[in-house]
file model-v7.csv (CSV, C-alpha atoms and all ligand atoms)
chain,number,residue,atom,x,y,z
A,106,MET,CA,17.4,-81.8,-36.6
A,107,VAL,CA,19.7,-79.1,-35.1
A,108,ALA,CA,19.6,-80.4,-31.5
A,109,ALA,CA,20.8,-83.9,-32.4
A,110,SER,CA,23.8,-82.6,-34.5
A,111,ASP,CA,25.0,-79.9,-32.0
A,112,PRO,CA,26.9,-81.6,-29.1
A,113,ASN,CA,26.5,-78.4,-26.9
A,114,LEU,CA,22.7,-78.7,-27.2
A,115,ILE,CA,22.8,-82.4,-26.4
A,116,VAL,CA,24.8,-81.7,-23.2
A,117,GLY,CA,22.4,-78.9,-22.3
A,118,ASP,CA,19.4,-81.1,-22.8
A,119,LEU,CA,21.0,-83.8,-20.6
A,120,ALA,CA,21.9,-81.2,-17.9
A,121,VAL,CA,18.3,-79.8,-17.9
A,122,GLY,CA,16.9,-83.3,-17.8
A,123,GLY,CA,19.2,-84.2,-14.9
A,124,MET,CA,18.2,-81.1,-12.9
A,125,ILE,CA,14.5,-81.9,-13.4
A,126,PHE,CA,15.1,-85.5,-12.3
A,127,TYR,CA,17.1,-84.3,-9.3
A,128,ALA,CA,14.4,-81.8,-8.3
A,129,PHE,CA,11.7,-84.5,-8.6
A,130,TRP,CA,13.8,-86.9,-6.5
A,131,ARG,CA,14.3,-84.2,-3.8
A,132,LEU,CA,10.5,-83.6,-3.8
A,133,ILE,CA,9.9,-87.3,-3.2
A,134,VAL,CA,12.5,-87.4,-0.4
A,135,TRP,CA,11.0,-84.2,1.1
A,136,VAL,CA,7.5,-85.7,1.1
A,137,ARG,CA,8.6,-89.0,2.6
A,138,GLU,CA,10.7,-87.4,5.3
A,139,ALA,CA,8.0,-84.9,6.4
A,140,PRO,CA,7.0,-85.2,10.0
A,141,VAL,CA,3.8,-87.1,10.7
A,142,SER,CA,1.3,-84.9,12.5
A,143,PRO,CA,-0.1,-86.4,15.7
A,144,ASP,CA,-3.7,-87.3,16.1
A,145,PRO,CA,-5.8,-84.5,17.5
A,146,TRP,CA,-7.3,-86.7,20.1
A,147,ASP,CA,-5.9,-88.9,22.9
A,148,ALA,CA,-5.7,-92.7,23.1
A,149,GLU,CA,-9.1,-93.0,25.0
A,150,ILE,CA,-11.0,-91.3,22.2
A,151,GLU,CA,-9.1,-93.4,19.6
A,152,LYS,CA,-10.3,-96.5,21.5
A,153,GLN,CA,-13.9,-95.3,21.7
A,154,LEU,CA,-13.9,-94.6,17.9
A,155,SER,CA,-12.8,-98.1,17.1
A,156,GLU,CA,-15.5,-99.8,19.3
A,157,PRO,CA,-18.3,-101.6,17.5
A,158,GLU,CA,-21.0,-99.6,19.1
A,159,ALA,CA,-19.6,-96.3,18.0
A,160,VAL,CA,-22.0,-94.5,15.6
A,161,GLU,CA,-21.2,-92.4,12.7
A,162,ILE,CA,-22.4,-88.8,12.7
A,163,CYS,CA,-22.9,-86.1,10.1
A,164,PRO,CA,-19.9,-83.7,10.2
A,165,HIS,CA,-22.2,-80.7,9.5
A,166,CYS,CA,-25.2,-81.2,11.8
A,167,LEU,CA,-23.9,-84.0,14.1
A,168,THR,CA,-27.0,-86.1,13.5
A,169,GLU,CA,-26.5,-89.9,13.8
A,170,THR,CA,-26.2,-91.5,10.3
A,171,SER,CA,-26.2,-95.0,9.1
A,172,SER,CA,-22.9,-96.5,7.9
A,173,THR,CA,-24.4,-97.2,4.6
A,174,ALA,CA,-25.9,-93.8,4.1
A,175,TRP,CA,-24.6,-91.6,1.3
A,176,PHE,CA,-26.3,-88.3,2.5
A,177,CYS,CA,-27.5,-87.0,5.8
A,178,GLU,CA,-31.2,-87.4,6.3
A,179,LYS,CA,-31.4,-84.1,8.2
A,180,CYS,CA,-29.3,-81.6,6.3
A,181,GLY,CA,-28.5,-83.4,3.0
A,182,SER,CA,-24.7,-83.2,3.3
A,183,ALA,CA,-22.6,-86.0,1.8
A,184,VAL,CA,-21.6,-88.4,4.5
A,185,GLY,CA,-20.7,-91.5,2.5
A,186,PRO,CA,-17.0,-92.4,2.3
A,187,TYR,CA,-16.9,-92.6,-1.6
A,188,ASN,CA,-19.6,-90.2,-2.7
A,189,ASN,CA,-17.3,-88.2,-4.9
A,190,LEU,CA,-15.9,-91.3,-6.6
A,191,MET,CA,-19.1,-92.9,-7.6
A,192,PRO,CA,-20.3,-91.8,-11.1
A,193,TYR,CA,-23.9,-91.6,-10.2
A,194,VAL,CA,-23.7,-90.3,-6.6
A,195,HIS,CA,-21.1,-87.7,-7.2
A,196,VAL,CA,-23.6,-85.7,-9.2
A,197,PHE,CA,-25.6,-85.2,-6.0
A,198,SER,CA,-22.5,-84.3,-4.0
A,199,GLU,CA,-21.7,-81.7,-6.7
A,200,GLY,CA,-25.2,-80.4,-6.4
A,201,GLU,CA,-24.8,-80.0,-2.7
A,202,VAL,CA,-21.7,-77.8,-3.3
A,203,PHE,CA,-23.7,-75.6,-5.7
A,204,ARG,CA,-26.6,-75.4,-3.3
A,205,ASN,CA,-24.3,-74.3,-0.5
A,206,GLY,CA,-22.9,-71.6,-2.8
A,207,VAL,CA,-26.3,-70.0,-3.3
A,208,ALA,CA,-27.6,-70.7,0.2
A,209,GLY,CA,-24.5,-69.2,1.9
A,210,ARG,CA,-23.5,-72.3,3.7
A,211,PHE,CA,-19.8,-72.0,3.0
A,212,ARG,CA,-16.8,-70.1,4.4
A,213,HIS,CA,-16.9,-66.7,2.8
A,214,ARG,CA,-13.3,-66.7,1.5
A,215,PRO,CA,-12.4,-65.3,-1.9
A,216,LEU,CA,-10.6,-68.5,-2.8
A,217,ILE,CA,-13.7,-70.5,-2.2
A,218,LEU,CA,-15.8,-68.1,-4.3
A,219,ILE,CA,-13.3,-68.4,-7.1
A,220,GLY,CA,-13.5,-72.2,-6.8
A,221,LEU,CA,-17.3,-72.1,-7.0
A,222,ILE,CA,-17.2,-69.9,-10.0
A,223,LEU,CA,-14.7,-72.1,-11.8
A,224,ILE,CA,-16.5,-75.4,-11.0
A,225,SER,CA,-19.8,-73.8,-12.1
A,226,LEU,CA,-18.2,-72.8,-15.4
A,227,THR,CA,-17.5,-76.5,-16.1
A,228,SER,CA,-20.9,-77.7,-15.0
A,229,TYR,CA,-23.5,-75.2,-16.1
A,230,PHE,CA,-24.1,-74.0,-19.6
A,231,VAL,CA,-27.5,-72.4,-20.0
A,232,PHE,CA,-28.1,-71.5,-16.4
A,233,LEU,CA,-24.6,-70.2,-15.7
A,234,PRO,CA,-25.5,-66.5,-15.7
A,235,VAL,CA,-28.4,-67.2,-13.3
A,236,TYR,CA,-26.2,-69.3,-11.0
A,237,LEU,CA,-23.4,-66.7,-11.0
A,238,PHE,CA,-25.9,-63.9,-10.3
A,239,VAL,CA,-27.4,-65.7,-7.3
A,240,LEU,CA,-24.0,-66.7,-6.1
A,241,LEU,CA,-22.6,-63.2,-6.2
A,242,ALA,CA,-25.8,-61.7,-4.7
A,243,ASN,CA,-25.5,-64.2,-1.9
A,244,TRP,CA,-21.8,-63.3,-1.5
A,245,ARG,CA,-22.7,-59.6,-1.2
A,246,ARG,CA,-25.6,-60.3,1.1
A,247,HIS,CA,-23.4,-62.1,3.5
A,248,GLY,CA,-20.7,-59.5,3.3
A,249,GLY,CA,-18.1,-61.4,1.3
A,250,GLY,CA,-14.9,-62.2,3.1
A,251,THR,CA,-16.5,-62.9,6.5
A,252,GLU,CA,-16.8,-66.3,8.2
A,253,CYS,CA,-20.0,-68.2,7.9
A,254,GLY,CA,-22.4,-67.0,10.6
A,255,GLU,CA,-20.3,-64.0,11.4
A,256,GLU,CA,-21.8,-60.6,11.0
A,257,PRO,CA,-20.9,-58.8,7.8
A,258,LYS,CA,-18.6,-55.8,8.1
A,259,ILE,CA,-20.3,-52.5,7.6
A,260,LEU,CA,-18.0,-49.8,6.3
B,301,ZN,ZN,-26.3,-83.5,8.5

call {"tool": "encode", "arguments": {"input": "model-v7.csv", "output": "structure tokens", "more": "lines below"}}
Ligand SMILES: [Zn+2]
result
Amino acid sequence: MVAASDPNLIVGDLAVGGMIFYAFWRLIVWVREAPVSPDPWDAEIEKQLSEPEAVEICPHCLTETSSTAWFCEKCGSAVGPYNNLMPYVHVFSEGEVFRNGVAGRFRHRPLILIGLILISLTSYFVFLPVYLFVLLANWRRHGGGTECGEEPKIL
């Protein structure tokens, strides 16, 4: 082995390893020392949220939901705390993401479109061309690049 017999390469390897370790250590220090962002609400709302009679609501349609529900009864959005971690239930959460892609219920940002395409590549096999066709048709219909609910730009 050449690297083990040449002392210059050994010193170089140690220097590179030391720099990588130092950079990783600085990353850990940077994350630990990052300022904590304040809560977006005041103390009164924080108190109301922790009261026992406080109800949970769907973040999409603001319908009251049960604390044991996995999905909203009105709109079907995932509302359970661990939906994406449960092996059986996460399939339905993933299905919701795919449905939102073809129904237009997502922010029309190019990065989100790329994410939907990439995740569909890993999930679909036979129906991938159909899904991509409907997804891109929906993207064009809603004037890709505009916010959800916003009028598409006409050039
Ligand atoms: Zn809902």

call {"tool": "closest_residue", "arguments": {"input": "model-v7.csv", "among": "A:Lys179, A:Arg245, A:Arg210, A:Lys152", "to": "ligand ZN 301 (chain B)", "atoms": "all atoms listed in the file"}}
result
A:Lys179

call {"tool": "atom_distance", "arguments": {"input": "model-v7.csv", "atom1": "CA of Pro140 (chain A)", "atom2": "CA of Pro164 (chain A)"}}
result
26.9 Å

call {"tool": "residues_near_ligand", "arguments": {"input": "model-v7.csv", "ligand": "ligand ZN 301 (chain B)", "cutoff": "10 Å", "atoms": "all atoms listed in the file", "output": "mmCIF file with C-alpha atoms, keeping the file's coordinate frame"}}
result
data_model
loop_
_atom_site.group_PDB
_atom_site.id
_atom_site.type_symbol
_atom_site.label_atom_id
_atom_site.label_comp_id
_atom_site.auth_asym_id
_atom_site.auth_seq_id
_atom_site.Cartn_x
_atom_site.Cartn_y
_atom_site.Cartn_z
ATOM 1 C CA ILE A 162 -22.400 -88.800 12.700
ATOM 2 C CA CYS A 163 -22.900 -86.100 10.100
ATOM 3 C CA PRO A 164 -19.900 -83.700 10.200
ATOM 4 C CA HIS A 165 -22.200 -80.700 9.500
ATOM 5 C CA CYS A 166 -25.200 -81.200 11.800
ATOM 6 C CA LEU A 167 -23.900 -84.000 14.100
ATOM 7 C CA THR A 168 -27.000 -86.100 13.500
ATOM 8 C CA GLU A 169 -26.500 -89.900 13.800
ATOM 9 C CA THR A 170 -26.200 -91.500 10.300
ATOM 10 C CA PHE A 176 -26.300 -88.300 2.500
ATOM 11 C CA CYS A 177 -27.500 -87.000 5.800
ATOM 12 C CA GLU A 178 -31.200 -87.400 6.300
ATOM 13 C CA LYS A 179 -31.400 -84.100 8.200
ATOM 14 C CA CYS A 180 -29.300 -81.600 6.300
ATOM 15 C CA GLY A 181 -28.500 -83.400 3.000
ATOM 16 C CA SER A 182 -24.700 -83.200 3.300
ATOM 17 C CA ALA A 183 -22.600 -86.000 1.800
ATOM 18 C CA VAL A 184 -21.600 -88.400 4.500
#

call {"tool": "closest_residue", "arguments": {"input": "model-v7.csv", "among": "A:Ala120, A:Ile125, A:Ala159, A:Val239", "to": "Ser171 (chain A)", "atoms": "all atoms listed in the file"}}
result
A:Ala159

call {"tool": "atom_distance", "arguments": {"input": "model-v7.csv", "atom1": "CA of Gly209 (chain A)", "atom2": "CA of Asn243 (chain A)"}}
result
6.4 Å

call {"tool": "residues_around", "arguments": {"input": "model-v7.csv", "residues": "Leu237 (chain A)", "least_positions_apart": "5", "cutoff": "10 Å", "atoms": "only C-alpha atoms", "output": "PyMOL selection string"}}
result
chain A and resi 206-207+221-222+225-226+229+232+242-243

call {"tool": "atom_distance", "arguments": {"input": "model-v7.csv", "atom1": "CA of Glu149 (chain A)", "atom2": "CA of Ala174 (chain A)"}}
result
26.8 Å

call {"tool": "build_atoms", "arguments": {"input": "model-v7.csv", "residues": "region 239-250 of chain A", "atoms": "all heavy atoms", "output": "mmCIF file, in the coordinates of the input"}}
result
data_model
loop_
_atom_site.group_PDB
_atom_site.id
_atom_site.type_symbol
_atom_site.label_atom_id
_atom_site.label_comp_id
_atom_site.auth_asym_id
_atom_site.auth_seq_id
_atom_site.Cartn_x
_atom_site.Cartn_y
_atom_site.Cartn_z
ATOM 1 N N VAL A 239 -26.971 -65.342 -8.672
ATOM 2 C CA VAL A 239 -27.400 -65.700 -7.300
ATOM 3 C C VAL A 239 -26.255 -65.906 -6.391
ATOM 4 O O VAL A 239 -26.285 -65.482 -5.228
ATOM 5 C CB VAL A 239 -28.343 -66.950 -7.378
ATOM 6 C CG1 VAL A 239 -28.749 -67.385 -5.983
ATOM 7 C CG2 VAL A 239 -29.569 -66.678 -8.227
ATOM 8 N N LEU A 240 -25.194 -66.521 -6.892
ATOM 9 C CA LEU A 240 -24.000 -66.700 -6.100
ATOM 10 C C LEU A 240 -23.392 -65.418 -5.619
ATOM 11 O O LEU A 240 -23.082 -65.227 -4.432
ATOM 12 C CB LEU A 240 -22.977 -67.561 -6.854
ATOM 13 C CG LEU A 240 -21.633 -67.814 -6.168
ATOM 14 C CD1 LEU A 240 -21.820 -68.710 -4.957
ATOM 15 C CD2 LEU A 240 -20.641 -68.423 -7.139
ATOM 16 N N LEU A 241 -23.222 -64.496 -6.546
ATOM 17 C CA LEU A 241 -22.600 -63.200 -6.200
ATOM 18 C C LEU A 241 -23.539 -62.360 -5.333
ATOM 19 O O LEU A 241 -23.079 -61.632 -4.447
ATOM 20 C CB LEU A 241 -22.187 -62.462 -7.456
ATOM 21 C CG LEU A 241 -21.061 -63.155 -8.234
ATOM 22 C CD1 LEU A 241 -20.771 -62.417 -9.524
ATOM 23 C CD2 LEU A 241 -19.813 -63.292 -7.387
ATOM 24 N N ALA A 242 -24.852 -62.452 -5.579
ATOM 25 C CA ALA A 242 -25.800 -61.700 -4.700
ATOM 26 C C ALA A 242 -25.728 -62.285 -3.296
ATOM 27 O O ALA A 242 -25.757 -61.517 -2.320
ATOM 28 C CB ALA A 242 -27.214 -61.869 -5.273
ATOM 29 N N ASN A 243 -25.622 -63.596 -3.179
ATOM 30 C CA ASN A 243 -25.500 -64.200 -1.900
ATOM 31 C C ASN A 243 -24.185 -63.806 -1.208
ATOM 32 O O ASN A 243 -24.121 -63.545 -0.010
ATOM 33 C CB ASN A 243 -25.557 -65.742 -2.012
ATOM 34 C CG ASN A 243 -25.463 -66.424 -0.687
ATOM 35 O OD1 ASN A 243 -26.096 -66.009 0.267
ATOM 36 N ND2 ASN A 243 -24.652 -67.453 -0.612
ATOM 37 N N TRP A 244 -23.118 -63.727 -1.985
ATOM 38 C CA TRP A 244 -21.800 -63.300 -1.500
ATOM 39 C C TRP A 244 -21.879 -61.895 -0.914
ATOM 40 O O TRP A 244 -21.385 -61.617 0.163
ATOM 41 C CB TRP A 244 -20.786 -63.398 -2.616
ATOM 42 C CG TRP A 244 -19.437 -62.906 -2.254
ATOM 43 C CD1 TRP A 244 -18.925 -61.662 -2.509
ATOM 44 C CD2 TRP A 244 -18.408 -63.617 -1.564
ATOM 45 N NE1 TRP A 244 -17.661 -61.577 -2.029
ATOM 46 C CE2 TRP A 244 -17.311 -62.756 -1.451
ATOM 47 C CE3 TRP A 244 -18.324 -64.905 -1.043
ATOM 48 C CZ2 TRP A 244 -16.139 -63.142 -0.824
ATOM 49 C CZ3 TRP A 244 -17.157 -65.287 -0.431
ATOM 50 C CH2 TRP A 244 -16.088 -64.416 -0.329
ATOM 51 N N ARG A 245 -22.539 -61.007 -1.647
ATOM 52 C CA ARG A 245 -22.700 -59.600 -1.200
ATOM 53 C C ARG A 245 -23.583 -59.520 0.032
ATOM 54 O O ARG A 245 -23.342 -58.745 0.939
ATOM 55 C CB ARG A 245 -23.187 -58.730 -2.303
ATOM 56 C CG ARG A 245 -22.161 -58.465 -3.340
ATOM 57 C CD ARG A 245 -22.628 -57.417 -4.297
ATOM 58 N NE ARG A 245 -21.640 -57.246 -5.342
ATOM 59 C CZ ARG A 245 -21.914 -56.834 -6.538
ATOM 60 N NH1 ARG A 245 -23.146 -56.516 -6.865
ATOM 61 N NH2 ARG A 245 -20.977 -56.711 -7.422
ATOM 62 N N ARG A 246 -24.662 -60.308 0.016
ATOM 63 C CA ARG A 246 -25.600 -60.300 1.100
ATOM 64 C C ARG A 246 -24.979 -60.679 2.432
ATOM 65 O O ARG A 246 -25.257 -60.112 3.470
ATOM 66 C CB ARG A 246 -26.817 -61.158 0.794
ATOM 67 C CG ARG A 246 -27.918 -61.063 1.844
ATOM 68 C CD ARG A 246 -29.160 -61.870 1.507
ATOM 69 N NE ARG A 246 -28.849 -63.262 1.254
ATOM 70 C CZ ARG A 246 -29.155 -63.904 0.126
ATOM 71 N NH1 ARG A 246 -29.761 -63.281 -0.845
ATOM 72 N NH2 ARG A 246 -28.847 -65.172 -0.037
ATOM 73 N N HIS A 247 -24.080 -61.647 2.349
ATOM 74 C CA HIS A 247 -23.400 -62.100 3.500
ATOM 75 C C HIS A 247 -22.106 -61.387 3.804
ATOM 76 O O HIS A 247 -21.317 -61.829 4.627
ATOM 77 C CB HIS A 247 -23.159 -63.626 3.470
ATOM 78 C CG HIS A 247 -24.426 -64.412 3.571
ATOM 79 N ND1 HIS A 247 -25.073 -64.611 4.759
ATOM 80 C CD2 HIS A 247 -25.174 -65.009 2.625
ATOM 81 C CE1 HIS A 247 -26.167 -65.316 4.535
ATOM 82 N NE2 HIS A 247 -26.256 -65.570 3.254
ATOM 83 N N GLY A 248 -21.862 -60.297 3.089
ATOM 84 C CA GLY A 248 -20.700 -59.500 3.300
ATOM 85 C C GLY A 248 -19.403 -60.232 3.007
ATOM 86 O O GLY A 248 -18.612 -60.536 3.880
ATOM 87 N N GLY A 249 -19.210 -60.564 1.766
ATOM 88 C CA GLY A 249 -18.100 -61.400 1.300
ATOM 89 C C GLY A 249 -16.804 -61.136 2.064
ATOM 90 O O GLY A 249 -16.430 -60.020 2.378
ATOM 91 N N GLY A 250 -16.152 -62.234 2.395
ATOM 92 C CA GLY A 250 -14.900 -62.200 3.100
ATOM 93 C C GLY A 250 -15.039 -62.439 4.606
ATOM 94 O O GLY A 250 -14.058 -62.525 5.313
#
